[in-house]
Amino acid sequence: MDVKAREQATTEVLAMASRLSDEALCLAWMATEGKPVTQELALVRGWIMDELNERLGDDLFDEWLMAFDENGDALNPLSFFARKGN
């Protein structure tokens with residue numbers, strides 16, 4: 001894939017991600033958890049993280065990245081959307 005095609009694909013994916021509800025975006029993120037790491041998965045997770053950062057803002061996004069449950073697993077970012085208004 002050439003650079004122009006990659007940039008166009010990225011723009012289209014980001015536009016699609018922006019149309020997802022907060023819940024759907026978080027479900028998409030959680031669906032990628034625990035999957036074998038591939039270049040494609042890394043790209044998808046990067047796109048989702050970009051949209052999560054945009055919606056949560058830097059402070060809540062950073063807090064989410066650092067949060068883990070009692071088992072050491074990453075948290076669903078959806079709980080951080082509830083805190084966004086505070």
# chains A, B, ... in the order shown; residues from 1 in each chain; ligands from 1

$ residues_around --residues "A:Ser79" --least-positions-apart "4" --cutoff "12 Å" --atoms "only C-alpha atoms" --output "PyMOL selection string"
chain A and resi 22-23+26-27+56+60-61+63-64+67+74-75+83-85

$ residues_around --residues "stretch 33-49 of chain A" --least-positions-apart "6" --cutoff "10 Å" --atoms "only C-alpha atoms" --output "list in words"
Thr10, Thr11, Val13, Leu14, Ala17, Ser18, Leu25, Cys26, Arg55, Phe61, Leu65, Asp73, Ala74 and Asn76 of chain A

$ atom_distance --atom1 "atom CA of A:Phe81" --atom2 "atom CA of A:Glu51"
12.6 Å

$ atom_distance --atom1 "atom CA of A:Phe80" --atom2 "atom CA of A:Ala9"
28.7 Å

$ atom_distance --atom1 "atom CA of A:Met66" --atom2 "atom CA of A:Leu20"
23.9 Å

$ select_by_dssp --residues "stretch 1-84 of chain A" --states "alpha helix (DSSP H)" --output "PyMOL selection string"
chain A and resi 3-18+22-32+39-56+58-66+78-82

$ closest_residue --among "A:Arg6, A:Ser21, A:Glu12, A:Thr32" --to "A:Leu52" --atoms "only C-alpha atoms"
A:Ser21
